[in-house]
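Here's the structure we're looking at; comments come further down.
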Protein chains: 4
Amino acid sequence: MHNGGDGIMHIPGISDDLFIRGNVPMTKEEIRILTLCKASIRSDSIVLDIGAGTGSLSVEAALMAEKGHVYAIERKPEAAALIRKNAAKFNVEARLSVIEGTAPDAMNKIDNYDVVLIGGSGGNISEILDVITAHINPGGRIVANAITVQNTAAILDYMKQNDMYEYESILIQASRLGKAGAYDMMIGMNPVYIITCRVK
Amino acid sequence: MHNGGDGIMHIPGISDDLFIRGNVPMTKEEIRILTLCKASIRSDSIVLDIGAGTGSLSVEAALMAEKGHVYAIERKPEAAALIRKNAAKFNVEARLSVIEGTAPDAMNKIDNYDVVLIGGSGGNISEILDVITAHINPGGRIVANAITVQNTAAILDYMKQNDMYEYESILIQASRLGKAGAYDMMIGMNPVYIITCRVK
Amino acid sequence: MHNGGDGIMHIPGISDDLFIRGNVPMTKEEIRILTLCKASIRSDSIVLDIGAGTGSLSVEAALMAEKGHVYAIERKPEAAALIRKNAAKFNVEARLSVIEGTAPDAMNKIDNYDVVLIGGSGGNISEILDVITAHINPGGRIVANAITVQNTAAILDYMKQNDMYEYESILIQASRLGKAGAYDMMIGMNPVYIITCRVK
Amino acid sequence: MHNGGDGIMHIPGISDDLFIRGNVPMTKEEIRILTLCKASIRSDSIVLDIGAGTGSLSVEAALMAEKGHVYAIERKPEAAALIRKNAAKFNVEARLSVIEGTAPDAMNKIDNYDVVLIGGSGGNISEILDVITAHINPGGRIVANAITVQNTAAILDYMKQNDMYEYESILIQASRLGKAGAYDMMIGMNPVYIITCRVK
């Protein structure tokens with residue numbers, strides 16, 4: 001992986017076990033790769049990561065946006081501390097700011113972002129989308145990971161009623177190889193919806 | 001559920017948590033339902049359950065085959081004890097015999113079966129299929145649950161080279177609703193191949 | 001398969017290609033098996049199938065409920081004709097009535113049902129659930145197949161706010177073996193939510 | 001997307017419909033993104049794409065390896081022509097060579113590659129892996145997409161018996177949102193195994 005300064009962009013895909021974790025849920029590698037590739041992050045992107053959890057998305061976004069900045073919003077102090085540790089581990093503290101608080105309130109000091117990643121919304125998804133819609137840059141993207149059908153439906157319904165966006169969604173059910181003696185057994189992971197919205 | 005004697009056939013689908021479990025892997029309800037429906041078990045079927053584990057498939061097969069018999073082959077004593085407990089719990093001891101041993105050796109006293117369920121094969125899948133092929137009744141069925149690609153490939157290759165069978169296979173990836181606060185999150189389960197082979 | 005009169009219950013799992021189809025969407029075998037097993041249909045059940053499509057669920061329900069009755073509600077004349085043809089093919093016309101119309105309006109002449117299957121709702125899912133709630137028998141079950149996140153969320157939200165039901169849901173992603181030369185390739189099918197609600 | 005010359009690396013994820021297609025099977029966007037991120041392609045990588053099909057993987061690999069080279073091996077003339085058209089469309093002809101022929105024979109003029117992508121193997125997977133093993137650079141990677149259980153098992157068995165590699169595998173079942181009236185229905189795609197092997 002590249003951490004900036006050499007003009008070579010980071011390609012997402014850091015192994016889950018390289019992040020410092022604790023008991024905080026983490027965006028798994030497969031979902032992280034798809035989310036970050038669909039986010040069209042550029043080297044100078046301003047990125048907002050809402051519900052950042054362990055910070056795995058924030059860290060990889062900061063590695064990609066080597067001349068940009070990532071704001072990680074997280075309401076749990078334990079998780080916020082993990083994000084800072086992971087930022088330090090991957091040498092991106094200078095361009096990854098952790099904002100402790102709940103969205104959308106915690107978003108009020110940030111403006112003009114290019115990319116918004118939504119991992120968790122604490123039940124305020126419509127309000128969060130309203131704030132994003134007011135402040136996202138032209139050509140910007142929102143990529144949301146939803147693990148509940150309610151959140152998925154809420155985001156899709158919002159997009160359907162808002163002419164400003166084009167959107168698409170995929171449902172990813174990934175399994176990973178686990179060794180079962182001499183054999184290779186697949187271990188199922190949780191299905192995740194990835195919703196990609198582009199400002200027209 | 002019906003346990004025989006009333007002429008009403010049992011429809012599969014006993015909830016996982018109604019079985020006595022321990023640390024033995026169990027065929028989950030969704031896979032169990034599909035396996036038993038594809039097995040074409042009749043009220044007088046003789047059923048062989050190879051690698052019976054907790055006995056969940058054996059118990060439901062015995063409930064369906066109320067005038068038939070189920071032989072559950074299982075090499076682990078701990079699991080064999082569980083099968084007996086579950087047979088007692090569901091009142092099917094009279095038509096569910098547990099054979100402690102390893103297939104294909106443990107199959108040598110049983111002949112003329114109508115249905116073979118394969119949950120585990122201990123790595124001897126070709127030898128097991130050879131013994132089944134020599135002893136299964138005309139019109140009989142084999143339904144195998146495979147969780148490794150190696151076993152899946154081995155069973156499919158066997159069937160491809162044997163004119164006696166017609167076969168089909170499905171891959172099932174099921175998730176179950178889990179409550180996440182006020183929301184409903186899907187929890188992924190392991191993907192399972194279900195291979196159904198009919199004696200032509 | 002059994003079509004009644006012999007006291008042996010039909011176990012679900014008729015092959016898709018045995019149904020007369022046309023251009024009407026059909027509940028696929030894997031989803032049909034799981035839906036019918038989760039519906040706890042008994043030999044004397046009164047069953048309502050809303051949005052019956054080709055009638056594959058209705059026909060198998062009628063085969064299971066050999067002393068009961070199935071009402072298939074379908075608003076498209078082309079599909080209603082198919083249901084009648086399939087009922088004739090499987091010899092269940094005597095206990096399968098087709099009601100041409102849109103739910104919930106078309107439900108107003110039926111009362112006291114034990115099982116409701118919901119395949120399609122035409123966007124009226126809350127109104128349909130209200131009518132069901134007023135007329136379903138104690139101990140009854142609703143099993144809904146949902147292919148959109150909006151419908152899934154609407155049904156789950158309804159159940160969450162209604163103390164009368166216990167509910168669970170699974171998401172099934174099935175693939176089927178297709179021959180690719182000498183090899184066996186899996187062909188993905190559409191993911192379906194199966195929501196099972198029991199009257200407490 | 002970036003096509004080189006500006007020092008900014010291309011992040012994978014070109015939309016399927018931007019490629020010229022015809023009747024040749026194409027690696028879908030979701031699988032393409034995961035494959036290319038797991039391949040650890042660098043700006044100077046030499047990449048071999050075996051069974052290149054429409055060339056979608058080759059084109060994105062060439063966009064990533066702006067100072068490297070991609071060799072696309074394809075035995076069908078129709079597909080080889082498509083790869084050339086796609087290379088021209090995305091301005092990477094200068095670093096994407098199409099080799100018409102069957103692997104492993106068609107691989108005999110290429111040596112010292114860093115990354116091998118395997119989309120199709122024409123049934124010669126062991127021979128292909130033997131040639132790769134003899135010629136891949138230290139630290140190189142093989143990323144195979146397998147759609148049959150036989151090929152998946154063959155690749156995993158090869159890796160298990162060869163100390164030179166570390167490997168992992170994921171099974172991806174993706175669905176895409178399709179509009180169903182006012183609703184959003186998920187359309188299932190075929191499950192694909194992605195096997196990643198690293199030269200130790």
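Naming scheme: A, B, ... for chains in displayed order of the structure tokens; residues 1 onward per chain; ligands 1 onward as shown.
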Self-check item: Residues within 9 Å of region 51-59 of chain D, only C-alpha atoms, excluding chain neighbours under 6 positions, as a PyMOL selection string
Solution: chain D and resi 14+16+19-22+24-29+32-33+35-36+70-76+79-84+86-87+90-93+96+98+102-103+117-122
Exercise. Write out as a VMD selection string which residues come within 7 Å of Gly188 (chain B) when counting only C-alpha atoms, dropping same-chain ones fewer than 3 positions away.
Key: (chain A and resid 188 to 191) or (chain B and resid 174 to 176)
Restricting the output to all heavy atoms, write the selected residues as a short mmCIF file (atom, residue, chain, number, x, y, z; two decimals), in the first residue's frame.
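New file out_38.cif:
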data_model
loop_
_atom_site.label_atom_id
_atom_site.label_comp_id
_atom_site.auth_asym_id
_atom_site.auth_seq_id
_atom_site.Cartn_x
_atom_site.Cartn_y
_atom_site.Cartn_z
N GLY A 188 -20.09 -17.97 5.36
CA GLY A 188 -20.92 -16.86 4.88
C GLY A 188 -20.75 -15.60 5.72
O GLY A 188 -20.58 -15.66 6.93
N MET A 189 -20.76 -14.46 5.07
CA MET A 189 -20.74 -13.18 5.77
C MET A 189 -22.11 -12.52 5.62
O MET A 189 -22.97 -13.01 4.89
CB MET A 189 -19.63 -12.32 5.18
CG MET A 189 -18.26 -13.00 5.33
SD MET A 189 -16.99 -12.21 4.33
CE MET A 189 -16.70 -10.75 5.33
N ASN A 190 -22.31 -11.44 6.33
CA ASN A 190 -23.63 -10.80 6.27
C ASN A 190 -23.84 -10.06 4.94
O ASN A 190 -22.92 -9.41 4.46
CB ASN A 190 -23.79 -9.81 7.43
CG ASN A 190 -23.76 -10.51 8.77
OD1 ASN A 190 -23.94 -11.74 8.83
ND2 ASN A 190 -23.50 -9.78 9.83
N PRO A 191 -25.04 -10.14 4.39
CA PRO A 191 -25.32 -9.41 3.15
C PRO A 191 -25.33 -7.90 3.41
O PRO A 191 -25.80 -7.45 4.45
CB PRO A 191 -26.70 -9.90 2.74
CG PRO A 191 -27.32 -10.52 3.95
CD PRO A 191 -26.20 -10.94 4.86
N ALA B 174 -28.39 -18.50 2.47
CA ALA B 174 -29.51 -17.97 3.24
C ALA B 174 -28.99 -17.01 4.30
O ALA B 174 -27.90 -17.19 4.83
CB ALA B 174 -30.27 -19.11 3.91
N SER B 175 -29.78 -15.99 4.57
CA SER B 175 -29.51 -15.09 5.69
C SER B 175 -30.75 -15.06 6.55
O SER B 175 -31.86 -15.28 6.06
CB SER B 175 -29.21 -13.68 5.19
OG SER B 175 -28.11 -13.68 4.33
N ARG B 176 -30.55 -14.80 7.82
CA ARG B 176 -31.69 -14.72 8.72
C ARG B 176 -31.78 -13.35 9.34
O ARG B 176 -30.76 -12.75 9.68
CB ARG B 176 -31.56 -15.74 9.85
CG ARG B 176 -31.84 -17.14 9.40
CD ARG B 176 -31.89 -18.06 10.63
NE ARG B 176 -31.96 -19.45 10.22
CZ ARG B 176 -31.70 -20.46 11.02
NH1 ARG B 176 -31.33 -20.23 12.29
NH2 ARG B 176 -31.79 -21.69 10.59
#
Quiz item: Please, which residues of chain D lie no more than 10 Å from chain A when the count uses only C-alpha atoms, and can they be set out as a PyMOL selection string?
Solution: chain D and resi 1+6-15+29-34+36-43+64+153+156-157+160+167-179+182-188+191-195
Can you write just those residues out, C-alpha atoms, as an mmCIF file, in the first residue's frame?
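Just written: part-v3.cif:
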data_model
loop_
_atom_site.group_PDB
_atom_site.id
_atom_site.type_symbol
_atom_site.label_atom_id
_atom_site.label_comp_id
_atom_site.auth_asym_id
_atom_site.auth_seq_id
_atom_site.Cartn_x
_atom_site.Cartn_y
_atom_site.Cartn_z
ATOM 1 C CA MET D 1 -11.002 7.337 -15.210
ATOM 2 C CA ASP D 6 -0.589 12.192 -15.331
ATOM 3 C CA GLY D 7 0.857 10.107 -12.512
ATOM 4 C CA ILE D 8 -2.593 9.447 -11.095
ATOM 5 C CA MET D 9 -3.487 5.800 -10.838
ATOM 6 C CA HIS D 10 -6.718 4.449 -12.245
ATOM 7 C CA ILE D 11 -9.085 3.058 -9.617
ATOM 8 C CA PRO D 12 -11.014 0.099 -11.071
ATOM 9 C CA GLY D 13 -14.748 0.189 -11.649
ATOM 10 C CA ILE D 14 -15.649 1.076 -15.243
ATOM 11 C CA SER D 15 -19.346 0.523 -15.818
ATOM 12 C CA GLU D 29 -18.093 -4.686 -12.664
ATOM 13 C CA GLU D 30 -18.379 -5.992 -9.092
ATOM 14 C CA ILE D 31 -16.182 -9.011 -9.801
ATOM 15 C CA ARG D 32 -13.794 -6.905 -11.874
ATOM 16 C CA ILE D 33 -13.277 -4.406 -9.053
ATOM 17 C CA LEU D 34 -12.563 -7.120 -6.477
ATOM 18 C CA LEU D 36 -8.193 -5.990 -9.793
ATOM 19 C CA CYS D 37 -7.884 -4.720 -6.212
ATOM 20 C CA LYS D 38 -6.805 -8.150 -5.009
ATOM 21 C CA ALA D 39 -4.244 -8.398 -7.820
ATOM 22 C CA SER D 40 -2.054 -5.641 -6.335
ATOM 23 C CA ILE D 41 -1.346 -4.189 -9.747
ATOM 24 C CA ARG D 42 1.272 -1.436 -9.622
ATOM 25 C CA SER D 43 1.973 1.277 -12.145
ATOM 26 C CA MET D 64 -3.733 0.841 -13.734
ATOM 27 C CA ALA D 153 -11.585 -27.223 -6.701
ATOM 28 C CA LEU D 156 -7.517 -24.807 -4.669
ATOM 29 C CA ASP D 157 -6.074 -28.341 -4.830
ATOM 30 C CA LYS D 160 -2.753 -26.741 -1.419
ATOM 31 C CA TYR D 167 -3.889 -18.351 -1.112
ATOM 32 C CA GLU D 168 -7.351 -17.266 -0.087
ATOM 33 C CA SER D 169 -10.697 -17.398 -1.800
ATOM 34 C CA ILE D 170 -14.007 -15.616 -1.667
ATOM 35 C CA LEU D 171 -17.355 -16.523 -3.198
ATOM 36 C CA ILE D 172 -19.286 -13.469 -4.370
ATOM 37 C CA GLN D 173 -22.985 -13.462 -5.030
ATOM 38 C CA ALA D 174 -23.970 -10.005 -6.196
ATOM 39 C CA SER D 175 -27.394 -8.709 -7.133
ATOM 40 C CA ARG D 176 -28.161 -5.445 -8.843
ATOM 41 C CA LEU D 177 -31.037 -3.099 -8.343
ATOM 42 C CA GLY D 178 -33.548 -3.160 -11.160
ATOM 43 C CA LYS D 179 -36.556 -0.891 -11.252
ATOM 44 C CA ALA D 182 -42.047 2.392 -8.265
ATOM 45 C CA TYR D 183 -40.067 -0.300 -6.468
ATOM 46 C CA ASP D 184 -36.520 -1.549 -6.459
ATOM 47 C CA MET D 185 -36.074 -5.226 -7.146
ATOM 48 C CA MET D 186 -32.764 -7.012 -6.876
ATOM 49 C CA ILE D 187 -31.665 -9.032 -9.919
ATOM 50 C CA GLY D 188 -29.363 -11.925 -9.036
ATOM 51 C CA PRO D 191 -21.909 -16.571 -8.148
ATOM 52 C CA VAL D 192 -18.175 -16.317 -8.825
ATOM 53 C CA TYR D 193 -15.215 -17.632 -6.837
ATOM 54 C CA ILE D 194 -12.267 -15.253 -6.692
ATOM 55 C CA ILE D 195 -9.083 -17.087 -5.726
#
